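See structure below.
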Amino acid sequence: MDKRFVSIWFRYFATDWFSLRQPELRKRPLVLRMPSHGRMIVTAINAEAERNGLTCGMVLADARALVPALEVLDDEPDKISRVLSKLGEWCIRFTPFVAIDSTDGLFFDATGCAHLWGSEEKYLSDIIQKIMARGYSVRAAMADTPGAAWAIARYEKKGGVISPGKHIDALLPLPPQALRLEQETVERLHKLGLHQINQFIQLPRAAMRKRFGPQFLQQLDKAIGQEMEMLEPIQPVEPYQERLPCLEPIVTAVGIEMALRQLLEKLCLRLQQEQKGLRTAALKGYRVDGKLEQISIATSRPSHHVPHLFKLFEIKISSIEPALGIELFVLEATKVEDHLSQQEKMWETAGGLHDLRLSELVDRLTNKIGADRIHRYLPAEHHWPERSYQPTDSLQKKPEVDWRTDVLRPLQLLPSPLRIEVTAPIPDYPPLLFRYNGKVHSIVKADGPERIEQEWWLQQGQHRDYYRVEDEEGHRYWLFRLGHYHEETYTWFLHGYFA
Amino acid sequence: MIPLKKIDIFNQLQSEILKLQGFKPANQMALGAGLGIIEKAFPNATFPLGAIHEFISQESEDIAATKGFLAGLLSSLMRNDGTAIWISSQRTIFPPALKNFGLSPDRFLFLDLSKERDVLWAMEEALKCAALTTVIGEMREISFTASRRLQLAVEQSKVTGFILRNNAARLGTTACVSRWKVSSLPSKAIDGLPGIGSPQWRVELLRVRNGQPGVWHLQWRKKSFVHISDYEPASTISYPAKQAG
């Protein structure tokens with residue numbers, strides 16, 4: 001069977017994608033910019049901007065001069081290419097073979113597909129309609145070679161289907177850039193007065209090779225079908241999912257455990273072969289009465305370790321209500337990351353915070369009591385005691401600054417300072433005695449004051465003057481006076497206990 | 001063959017029994033607890049690692065003193081690369097203060113649970129993890145059975161566990177190897193300077209399996225314990241010299 005190819009050209013792919021999120025941009029001239037050699041270059045335009053005479057590759061300042069009311073956004077090439085490959089995956093509905101064509105197009109190998117739509121015309125117009133409905137303006141063509149389809153989609157205004165064997169005729173009136181040549185070659189051809197393909201397609205090949213290089217001939221051959229073009233199809237990632245239908249509905253916890261273990265073993269084997277590890281997973285049980293029971297787990301680092309994952313699920317099995325029974329189990333790894341098995345060996349007994357056994361313990365605890373109950377702290381550069389440390393959710397992250405050792409801090413800090421009554425002899429002197437919990441403590445020794453100012457950029461309020469004091473029984477406290485002594489509002493607080 | 005003396009037979013049997021109970025002779029233990037004279041109270045004159053120790057305290061001040069003593073103890077146990085989990089239902093420990101005891105607060109994981117039952121569960125799980133150096137659990141009550149479970153968990157993993165029992169209504173019997181009570185003593189001025197000096201504690205070893213209970217007065221100075229045989233309660237009020245500005 002003769003090969004048939006479709007080339008899809010998204011005329012304004014990047015700007016269309018931005019307009020999808022901000023529909024009001026569709027009506028206005030929009031360009032995307034990117035810095036290049038110290039200037040801002042226009043990298044993509046929309047239809048409205050094109051109508052105003054803007055082109056890609058312009059300096060942004062020039063474009064602004066032409067169109068003062070220009071909307072400018074930063075280009076995100078990585079994101080755009082991800083969107084394109086997602087769209088490519090979606091297009092697998094039209095043909096099993098979809099390939100990405102640079103940054104703004106797709107190739108379909110449509111051999112043997114079109115008859116399902118009735119005819120090639122219907123097939124192509126369905127593709128165009130469906131993609132337009134997703135919000136992208138598109139031109140498409142169908143021909144015997146990818147090169148010809150590409151040329152017709154971009155340079156033949158109507159696009160459309162070129163019937164089998166007719167692609168060379170369709171190519172003849174097109175300009176040389178339709179052959180996907182380098183800019184330099186195209187300019188040279190125009191300089192020589194070769195403005196259409198029919199003007200040079202008959203020239204002797206040896207002469208053409210000499211003048212324009214082997215690349216030129218190769219591209220010409222690809223367009224007319226003398227040379228096969230290799231396309232790389234998109235291979236969508238198969239979801240990491242395992243299914244286990246049961247002959248008899250499962251009602252017991254033991255049964256669920258067995259099903260879970262089977263599914264985990266299958267899933268982990270695949271993960272292991274692909275050197276992946278799962279970060280989150282969910283076990284779904286489809287009940288006989290149509291309801292869905294689900295438990296999910298999360299790990300702190302990628303894992304394909306069956307016993308560990310089983311333990312994580314095991315804690316939650318009791319929350320499944322099988323009712324009349326579960327007839328289908330589906331285990332899905334919802335988040336998967338790279339995980340090299342050598343890595344695991346290295347961490348297994350690494351000791352300290354890197355130890356694999358520790359992160360497995362943390363997983364077990366997290367799944368039972370919740371991640372918000374487990375804290376690890378790193379120092380923070382703040383004087384205010386409550387802000388002098390910050391929580392981190394990583395086990396391995398190292399502190400960026402050292403913990404402070406120049407100031408003494410109490411080992412026990414009250415969750416919020418406790419108001420106390422105090423007798424102080426002279427301003428700025430430590431108190432003589434204080435009353436707290438109905439008991440009078442007379443102070444024998446004291447250190448201070450250590451004034452800690454409010455961090456005004458974070459919080460407003462009065463400063464604190466801290467004193468370390470020791471009473472006659474040898475108990476050591478951390479007291480502070482809020483505000484200045486002479487103000488009427490000053491108050492004393494107990495904030496912590498020293499060892 | 002010379003017949004063994006009675007005392008020798010006793011000693012031999014006792015060391016065999018200790019071995020069966022998990023107390024290894026001192027020379028096999030590389031880590032010391034830095035407790036100096038107190039270690040003599042334990043069998044084989046070694047602070048037992050891979051066991052559960054119990055601390056009791058009543059007042060908030062005593063709790064602080066207990067945690068201070070414990071932090072000093074941990075600084076020898078954890079050295080540089082140890083990790084610890086601190087489990088409590090009402091956490092009052094202030095992580096940055098651990099640095100004053102030579103501990104790295106970022107090597108601690110703090111678990112804040114709402115129920116004491118969860119504290120026990122988490123502590124047992126954590127004690128089974130051989131990657132940890134120590135696990136500290138704060139709880140009010142613990143039954144003999146629960147403490148036995150914890151003891152069984154550490155026998156496998158060799159993790160050292162500490163139970164801080166604050167305001168316990170009933171002490172009861174537990175399977176812990178030791179029971180401590182720490183209270184504050186007036187601090188010792190450094191070089192006769194005014195103000196608060198090095199913290200001092202009265203450390204009471206109330207119960208110890210196969211050892212000698214006793215009372216000691218310790219001082220925490222320059223990141224280690226110093227044993228003080230006689231301490232004088234300070235009675236004079238001393239204020240710091242008024243600072244400039």
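Just so we're on the same page: first chain in the structure tokens is A, next is B, and so on; residues restart at 1 for each chain, and ligands are numbered from 1 in the order they show up.
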Pick out the chain B residues within 7 Å of chain A. Count only C-alpha atoms. Give them as an mmCIF file with N, CA, C and O atoms, in the first residue's frame.
```cif
data_model
loop_
_atom_site.group_PDB
_atom_site.id
_atom_site.type_symbol
_atom_site.label_atom_id
_atom_site.label_comp_id
_atom_site.auth_asym_id
_atom_site.auth_seq_id
_atom_site.Cartn_x
_atom_site.Cartn_y
_atom_site.Cartn_z
ATOM 1 N N GLU B 61 9.950 23.129 85.877
ATOM 2 C CA GLU B 61 11.368 23.425 86.073
ATOM 3 C C GLU B 61 12.191 22.136 86.042
ATOM 4 O O GLU B 61 13.279 22.097 85.480
ATOM 5 N N ALA B 64 12.593 20.782 82.589
ATOM 6 C CA ALA B 64 13.676 21.460 81.872
ATOM 7 C C ALA B 64 15.026 20.901 82.293
ATOM 8 O O ALA B 64 15.898 20.641 81.464
ATOM 9 N N ALA B 65 15.200 20.680 83.609
ATOM 10 C CA ALA B 65 16.471 20.129 84.092
ATOM 11 C C ALA B 65 16.692 18.731 83.525
ATOM 12 O O ALA B 65 17.797 18.392 83.099
ATOM 13 N N LYS B 67 15.517 17.519 80.746
ATOM 14 C CA LYS B 67 15.858 17.598 79.323
ATOM 15 C C LYS B 67 17.286 18.087 79.130
ATOM 16 O O LYS B 67 17.965 17.679 78.188
ATOM 17 N N GLY B 68 17.740 18.957 80.051
ATOM 18 C CA GLY B 68 19.121 19.431 79.972
ATOM 19 C C GLY B 68 20.096 18.290 80.182
ATOM 20 O O GLY B 68 21.051 18.109 79.416
ATOM 21 N N ASP B 81 27.095 12.009 63.749
ATOM 22 C CA ASP B 81 26.227 11.572 62.659
ATOM 23 C C ASP B 81 24.993 10.837 63.141
ATOM 24 O O ASP B 81 24.307 10.206 62.366
ATOM 25 N N GLY B 82 24.720 10.901 64.421
ATOM 26 C CA GLY B 82 23.531 10.211 64.913
ATOM 27 C C GLY B 82 22.270 10.966 64.551
ATOM 28 O O GLY B 82 22.298 12.152 64.235
ATOM 29 N N THR B 83 21.169 10.241 64.572
ATOM 30 C CA THR B 83 19.882 10.904 64.359
ATOM 31 C C THR B 83 18.946 10.485 65.474
ATOM 32 O O THR B 83 19.060 9.397 66.018
ATOM 33 N N THR B 92 7.408 21.100 74.122
ATOM 34 C CA THR B 92 7.880 22.381 74.643
ATOM 35 C C THR B 92 9.357 22.575 74.345
ATOM 36 O O THR B 92 9.879 23.645 74.588
ATOM 37 N N ILE B 93 10.011 21.537 73.831
ATOM 38 C CA ILE B 93 11.448 21.678 73.573
ATOM 39 C C ILE B 93 11.649 22.724 72.479
ATOM 40 O O ILE B 93 10.898 22.790 71.514
ATOM 41 N N PHE B 94 12.659 23.559 72.686
ATOM 42 C CA PHE B 94 12.957 24.642 71.744
ATOM 43 C C PHE B 94 14.179 24.213 70.939
ATOM 44 O O PHE B 94 15.294 24.210 71.465
ATOM 45 N N PRO B 96 16.418 25.285 68.735
ATOM 46 C CA PRO B 96 17.726 25.942 68.684
ATOM 47 C C PRO B 96 18.542 25.799 69.968
ATOM 48 O O PRO B 96 19.765 25.861 69.932
ATOM 49 N N ALA B 97 17.848 25.563 71.132
ATOM 50 C CA ALA B 97 18.583 25.468 72.385
ATOM 51 C C ALA B 97 19.431 24.209 72.463
ATOM 52 O O ALA B 97 20.390 24.147 73.233
ATOM 53 N N LEU B 98 19.108 23.192 71.669
ATOM 54 C CA LEU B 98 19.889 21.952 71.703
ATOM 55 C C LEU B 98 21.330 22.198 71.291
ATOM 56 O O LEU B 98 22.235 21.484 71.682
ATOM 57 N N LYS B 99 21.513 23.238 70.492
ATOM 58 C CA LYS B 99 22.863 23.558 70.012
ATOM 59 C C LYS B 99 23.785 23.885 71.185
ATOM 60 O O LYS B 99 24.978 23.593 71.129
ATOM 61 N N ASN B 100 23.253 24.475 72.252
ATOM 62 C CA ASN B 100 24.080 24.800 73.419
ATOM 63 C C ASN B 100 24.627 23.542 74.094
ATOM 64 O O ASN B 100 25.567 23.608 74.866
ATOM 65 N N PRO B 105 20.446 20.561 66.031
ATOM 66 C CA PRO B 105 18.978 20.402 66.028
ATOM 67 C C PRO B 105 18.436 19.872 64.713
ATOM 68 O O PRO B 105 17.357 19.290 64.703
ATOM 69 N N ASP B 106 19.176 20.039 63.614
ATOM 70 C CA ASP B 106 18.631 19.529 62.345
ATOM 71 C C ASP B 106 18.780 18.016 62.216
ATOM 72 O O ASP B 106 18.338 17.437 61.238
ATOM 73 N N PHE B 108 17.458 16.122 64.420
ATOM 74 C CA PHE B 108 16.307 15.623 65.179
ATOM 75 C C PHE B 108 15.061 15.677 64.308
ATOM 76 O O PHE B 108 14.863 16.618 63.551
ATOM 77 N N LEU B 109 14.228 14.678 64.459
ATOM 78 C CA LEU B 109 12.888 14.754 63.871
ATOM 79 C C LEU B 109 11.927 14.875 65.041
ATOM 80 O O LEU B 109 12.031 14.137 66.018
ATOM 81 N N PHE B 110 11.024 15.838 64.946
ATOM 82 C CA PHE B 110 10.069 16.027 66.032
ATOM 83 C C PHE B 110 8.708 15.552 65.572
ATOM 84 O O PHE B 110 8.221 15.967 64.521
ATOM 85 N N LEU B 111 8.117 14.669 66.356
ATOM 86 C CA LEU B 111 6.781 14.178 66.049
ATOM 87 C C LEU B 111 5.819 14.780 67.058
ATOM 88 O O LEU B 111 5.993 14.599 68.256
ATOM 89 N N ASP B 112 4.839 15.501 66.571
ATOM 90 C CA ASP B 112 3.863 16.099 67.477
ATOM 91 C C ASP B 112 2.542 15.377 67.305
ATOM 92 O O ASP B 112 1.883 15.533 66.293
ATOM 93 N N LEU B 113 2.206 14.592 68.283
ATOM 94 C CA LEU B 113 0.992 13.791 68.184
ATOM 95 C C LEU B 113 -0.026 14.304 69.189
ATOM 96 O O LEU B 113 0.316 14.962 70.158
ATOM 97 N N ALA B 122 4.096 5.321 67.853
ATOM 98 C CA ALA B 122 5.184 5.911 67.059
ATOM 99 C C ALA B 122 6.529 5.560 67.667
ATOM 100 O O ALA B 122 7.501 5.289 66.964
ATOM 101 N N ALA B 126 9.500 3.636 65.829
ATOM 102 C CA ALA B 126 10.797 4.299 65.676
ATOM 103 C C ALA B 126 11.909 3.464 66.303
ATOM 104 O O ALA B 126 13.010 3.377 65.762
ATOM 105 N N CYS B 129 13.662 0.918 64.210
ATOM 106 C CA CYS B 129 14.461 1.372 63.070
ATOM 107 C C CYS B 129 15.915 1.521 63.491
ATOM 108 O O CYS B 129 16.270 2.423 64.251
ATOM 109 N N ALA B 131 18.393 2.558 62.049
ATOM 110 C CA ALA B 131 19.147 3.690 61.520
ATOM 111 C C ALA B 131 19.213 4.837 62.515
ATOM 112 O O ALA B 131 20.001 5.762 62.349
ATOM 113 N N SER B 184 16.968 20.676 89.401
ATOM 114 C CA SER B 184 17.967 21.742 89.265
ATOM 115 C C SER B 184 18.633 22.043 90.607
ATOM 116 O O SER B 184 18.025 21.924 91.667
ATOM 117 N N LEU B 185 19.869 22.458 90.509
ATOM 118 C CA LEU B 185 20.595 23.003 91.657
ATOM 119 C C LEU B 185 21.020 24.405 91.265
ATOM 120 O O LEU B 185 21.136 24.708 90.086
ATOM 121 N N PRO B 186 21.267 25.266 92.247
ATOM 122 C CA PRO B 186 21.768 26.606 91.896
ATOM 123 C C PRO B 186 23.027 26.490 91.032
ATOM 124 O O PRO B 186 23.849 25.606 91.243
ATOM 125 N N SER B 187 23.122 27.393 90.079
ATOM 126 C CA SER B 187 24.229 27.289 89.128
ATOM 127 C C SER B 187 25.541 27.700 89.776
ATOM 128 O O SER B 187 25.569 28.359 90.803
ATOM 129 N N GLY B 195 26.075 36.801 87.894
ATOM 130 C CA GLY B 195 25.140 36.255 86.907
ATOM 131 C C GLY B 195 25.049 34.743 87.008
ATOM 132 O O GLY B 195 25.605 34.128 87.915
ATOM 133 N N ILE B 196 24.363 34.180 86.062
ATOM 134 C CA ILE B 196 24.135 32.734 86.075
ATOM 135 C C ILE B 196 25.314 32.024 85.447
ATOM 136 O O ILE B 196 25.801 32.421 84.395
ATOM 137 N N PRO B 199 25.032 25.365 84.532
ATOM 138 C CA PRO B 199 23.920 24.708 85.216
ATOM 139 C C PRO B 199 24.391 23.504 86.034
ATOM 140 O O PRO B 199 25.329 22.804 85.645
ATOM 141 N N THR B 236 23.507 34.744 98.493
ATOM 142 C CA THR B 236 23.592 36.191 98.284
ATOM 143 C C THR B 236 23.030 36.569 96.920
ATOM 144 O O THR B 236 23.174 35.842 95.955
ATOM 145 N N ILE B 237 22.387 37.688 96.890
ATOM 146 C CA ILE B 237 21.841 38.177 95.623
ATOM 147 C C ILE B 237 22.957 38.873 94.861
ATOM 148 O O ILE B 237 23.648 39.726 95.399
ATOM 149 N N SER B 238 23.119 38.509 93.666
ATOM 150 C CA SER B 238 24.139 39.190 92.871
ATOM 151 C C SER B 238 23.514 39.677 91.574
ATOM 152 O O SER B 238 22.801 38.939 90.899
ATOM 153 N N TYR B 239 23.719 40.890 91.250
ATOM 154 C CA TYR B 239 23.221 41.473 90.009
ATOM 155 C C TYR B 239 24.370 41.699 89.055
ATOM 156 O O TYR B 239 25.477 41.957 89.495
ATOM 157 N N PRO B 240 24.092 41.652 87.811
ATOM 158 C CA PRO B 240 25.174 41.976 86.877
ATOM 159 C C PRO B 240 25.470 43.468 86.926
ATOM 160 O O PRO B 240 24.589 44.264 87.242
#
```
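For Glu455 of chain A, the set of protein, DNA and RNA residues having any atom at most 8 Å away, when counting only C-alpha atoms and skipping those fewer than 4 positions along the same chain, is A:Trp384, A:Gln459, A:Gln460.
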Keeping N, CA, C and O atoms for every residue in the selection just given, could you write it to a file as a CSV table (one decimal), in the first residue's frame?
```csv
chain,number,residue,atom,x,y,z
A,384,TRP,N,14.2,37.1,66.5
A,384,TRP,CA,13.0,36.8,67.3
A,384,TRP,C,12.9,35.3,67.6
A,384,TRP,O,13.0,34.5,66.7
A,459,GLN,N,6.5,42.2,61.4
A,459,GLN,CA,5.5,42.3,62.5
A,459,GLN,C,5.7,43.6,63.2
A,459,GLN,O,6.8,44.0,63.5
A,460,GLN,N,4.6,44.2,63.6
A,460,GLN,CA,4.7,45.5,64.4
A,460,GLN,C,4.5,45.1,65.9
A,460,GLN,O,3.9,44.1,66.2
```
Exercise for the section: Determine which residues of segment 70-306 of chain A DSSP labels as strand (DSSP E or B) from the backbone of this structure, then write them out as a PyMOL selection string. Expected result: chain A and resi 71-74+98-101+105-109+138-143+160-161+233+241-250+276-287+292-303
Exercise for the section: Please provide as a VMD selection string all residues within 10 Å of Ile197 of chain A, with the sequence filter that same-chain residues fewer than 4 positions apart are discarded (counting only C-alpha atoms). Expected result: chain A and resid 168 171 to 179 189 201 to 202 220
Exercise for the section: Determine the nearest neighbour of Val203 of chain B from the options B:Thr66, B:Gln151, B:Asn166, B:Ser224, counting only C-alpha atoms. Expected result: B:Thr66
Handout entry: Two-atom distance - atom CA of Phe18 of chain A, atom CA of Leu87 of chain A (Å)
Key = 14.9 Å
Problem - Pairwise distance for atom CA of Arg180 of chain A and atom CA of Ile234 of chain A, rounded to one decimal in Å - result: 21.7 Å
Practice task
May I have all residues of segment 279-394 of chain A that DSSP, computed from the backbone, assigns to helix (DSSP H, G or I), given as a PyMOL selection string?
Solution key: chain A and resi 306-317+341-348+352-354+356-369+371-373+385-387
Exercise for the section: For Trp220 of chain B, work out the shell of residues within 10 Å, counting only C-alpha atoms and skipping chain neighbours fewer than 2 positions away, then give it as a PyMOL selection string. Expected result: (chain A and resi 499) or (chain B and resi 68-69+72+101+187-188+197-201+218+222-227)
Print the selection's residues with all heavy atoms to a file, as a compact mmCIF listing (two decimals), in the first residue's frame.
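Saved result, again.txt, follows:
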```
# COMPACT_ATOMS: atom_id res chain seq x y z
N ALA A 499 17.65 24.69 81.47
CA ALA A 499 17.96 23.41 82.11
C ALA A 499 18.66 23.66 83.45
O ALA A 499 19.38 24.62 83.58
CB ALA A 499 18.86 22.58 81.21
N GLY B 68 17.74 18.96 80.05
CA GLY B 68 19.12 19.43 79.97
C GLY B 68 20.10 18.29 80.18
O GLY B 68 21.05 18.11 79.42
N PHE B 69 19.83 17.50 81.23
CA PHE B 69 20.69 16.34 81.50
C PHE B 69 20.67 15.37 80.32
O PHE B 69 21.70 14.89 79.87
CB PHE B 69 20.22 15.66 82.78
CG PHE B 69 20.93 14.37 83.08
CD1 PHE B 69 22.25 14.38 83.53
CD2 PHE B 69 20.30 13.15 82.92
CE1 PHE B 69 22.91 13.20 83.80
CE2 PHE B 69 20.96 11.97 83.18
CZ PHE B 69 22.26 11.99 83.63
N GLY B 72 22.65 16.57 77.42
CA GLY B 72 24.07 16.33 77.66
C GLY B 72 24.44 14.89 77.35
O GLY B 72 25.46 14.60 76.72
N PHE B 101 24.02 22.40 73.82
CA PHE B 101 24.49 21.15 74.40
C PHE B 101 25.31 20.35 73.39
O PHE B 101 25.47 19.14 73.54
CB PHE B 101 23.30 20.32 74.91
CG PHE B 101 22.65 20.94 76.10
CD1 PHE B 101 21.63 21.85 75.96
CD2 PHE B 101 23.10 20.64 77.38
CE1 PHE B 101 21.05 22.44 77.06
CE2 PHE B 101 22.52 21.21 78.48
CZ PHE B 101 21.49 22.13 78.33
N SER B 187 23.12 27.39 90.08
CA SER B 187 24.23 27.29 89.13
C SER B 187 25.54 27.70 89.78
O SER B 187 25.57 28.36 90.80
CB SER B 187 23.95 28.19 87.94
OG SER B 187 23.92 29.52 88.36
N LYS B 188 26.61 27.29 89.14
CA LYS B 188 27.95 27.58 89.65
C LYS B 188 28.51 28.74 88.83
O LYS B 188 28.60 28.65 87.61
CB LYS B 188 28.82 26.33 89.49
CG LYS B 188 30.26 26.49 89.85
CD LYS B 188 30.48 26.21 91.32
CE LYS B 188 31.97 26.17 91.62
NZ LYS B 188 32.35 27.02 92.73
N GLY B 197 25.77 30.98 86.11
CA GLY B 197 26.93 30.26 85.60
C GLY B 197 26.53 28.95 84.96
O GLY B 197 25.46 28.84 84.38
N SER B 198 27.39 27.95 85.10
CA SER B 198 27.11 26.65 84.50
C SER B 198 25.96 25.98 85.26
O SER B 198 25.94 26.00 86.48
CB SER B 198 28.34 25.75 84.60
OG SER B 198 29.48 26.45 84.18
N PRO B 199 25.03 25.36 84.53
CA PRO B 199 23.92 24.71 85.22
C PRO B 199 24.39 23.50 86.03
O PRO B 199 25.33 22.80 85.65
CB PRO B 199 23.01 24.29 84.06
CG PRO B 199 23.83 24.33 82.85
CD PRO B 199 24.91 25.32 83.08
N GLN B 200 23.75 23.30 87.14
CA GLN B 200 24.07 22.14 87.99
C GLN B 200 22.78 21.38 88.28
O GLN B 200 21.72 21.97 88.40
CB GLN B 200 24.71 22.59 89.29
CG GLN B 200 25.97 23.37 89.05
CD GLN B 200 26.80 23.50 90.30
OE1 GLN B 200 27.91 23.01 90.36
NE2 GLN B 200 26.26 24.15 91.31
N TRP B 201 22.91 20.08 88.35
CA TRP B 201 21.73 19.24 88.58
C TRP B 201 22.00 18.22 89.68
O TRP B 201 23.12 17.76 89.86
CB TRP B 201 21.35 18.48 87.31
CG TRP B 201 21.08 19.34 86.13
CD1 TRP B 201 20.10 20.28 86.04
CD2 TRP B 201 21.77 19.37 84.89
NE1 TRP B 201 20.14 20.88 84.81
CE2 TRP B 201 21.16 20.34 84.07
CE3 TRP B 201 22.85 18.67 84.38
CZ2 TRP B 201 21.59 20.62 82.79
CZ3 TRP B 201 23.28 18.95 83.09
CH2 TRP B 201 22.65 19.92 82.31
N LEU B 218 25.86 16.97 89.43
CA LEU B 218 26.62 17.15 88.19
C LEU B 218 26.57 18.59 87.74
O LEU B 218 25.61 19.32 88.00
CB LEU B 218 26.01 16.29 87.06
CG LEU B 218 26.19 14.78 87.12
CD1 LEU B 218 25.70 14.19 85.82
CD2 LEU B 218 27.64 14.41 87.33
N LYS B 222 31.50 23.34 79.64
CA LYS B 222 32.30 23.15 78.41
C LYS B 222 31.89 21.86 77.70
O LYS B 222 32.72 21.01 77.38
CB LYS B 222 33.79 23.15 78.72
CG LYS B 222 34.28 24.54 79.08
CD LYS B 222 35.73 24.51 79.43
CE LYS B 222 36.18 25.86 79.94
NZ LYS B 222 37.41 25.80 80.72
N LYS B 223 30.61 21.69 77.52
CA LYS B 223 30.05 20.57 76.76
C LYS B 223 30.40 19.20 77.31
O LYS B 223 30.58 18.23 76.56
CB LYS B 223 30.46 20.68 75.28
CG LYS B 223 29.95 21.97 74.69
CD LYS B 223 29.82 21.93 73.23
CE LYS B 223 29.06 23.18 72.78
NZ LYS B 223 29.38 23.61 71.48
N SER B 224 30.55 19.11 78.65
CA SER B 224 30.67 17.78 79.24
C SER B 224 30.21 17.84 80.68
O SER B 224 30.10 18.92 81.27
CB SER B 224 32.11 17.29 79.15
OG SER B 224 32.93 18.13 79.90
N PHE B 225 29.94 16.67 81.24
CA PHE B 225 29.50 16.60 82.63
C PHE B 225 30.71 16.66 83.55
O PHE B 225 31.72 16.01 83.31
CB PHE B 225 28.77 15.27 82.88
CG PHE B 225 27.44 15.19 82.21
CD1 PHE B 225 27.22 14.28 81.20
CD2 PHE B 225 26.40 16.02 82.60
CE1 PHE B 225 25.98 14.18 80.59
CE2 PHE B 225 25.15 15.93 82.00
CZ PHE B 225 24.95 15.02 81.00
N VAL B 226 30.59 17.45 84.61
CA VAL B 226 31.63 17.49 85.64
C VAL B 226 30.96 17.08 86.94
O VAL B 226 29.90 17.60 87.30
CB VAL B 226 32.23 18.90 85.77
CG1 VAL B 226 33.30 18.92 86.84
CG2 VAL B 226 32.78 19.35 84.43
N HIS B 227 31.57 16.12 87.61
CA HIS B 227 30.98 15.65 88.86
C HIS B 227 31.43 16.57 89.99
O HIS B 227 32.60 16.85 90.13
CB HIS B 227 31.42 14.21 89.12
CG HIS B 227 30.84 13.66 90.36
ND1 HIS B 227 31.60 13.34 91.45
CD2 HIS B 227 29.55 13.41 90.70
CE1 HIS B 227 30.80 12.91 92.41
NE2 HIS B 227 29.57 12.93 91.98
```
Handout entry: Spatial neighbours of Ile142 of chain B, 9 Å, only C-alpha atoms, chain gap at least 5 places, as a ChimeraX atom specification
Key = /B:120,147,165,171-172,174
Leu278 of chain A surroundings by only C-alpha atoms, 6 Å radius, close-in-sequence under 5 positions cut, as a short mmCIF file (atom, residue, chain, number, x, y, z; two decimals) with C-alpha atoms, in the first residue's frame:
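Result saved to selection-v5.cif:
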```
data_model
loop_
_atom_site.label_atom_id
_atom_site.label_comp_id
_atom_site.auth_asym_id
_atom_site.auth_seq_id
_atom_site.Cartn_x
_atom_site.Cartn_y
_atom_site.Cartn_z
CA PRO A 302 11.16 6.91 44.95
CA SER A 303 10.76 3.29 45.90
CA ALA A 333 1.41 4.57 40.73
CA LYS A 335 3.64 9.73 40.62
CA VAL A 336 6.76 7.99 39.38
#
```
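Using only C-alpha atoms, the shortest contact distance between Lys266 of chain A and any of A:Val330, A:Ile92, A:Val237, A:Leu20 is found at A:Val330.
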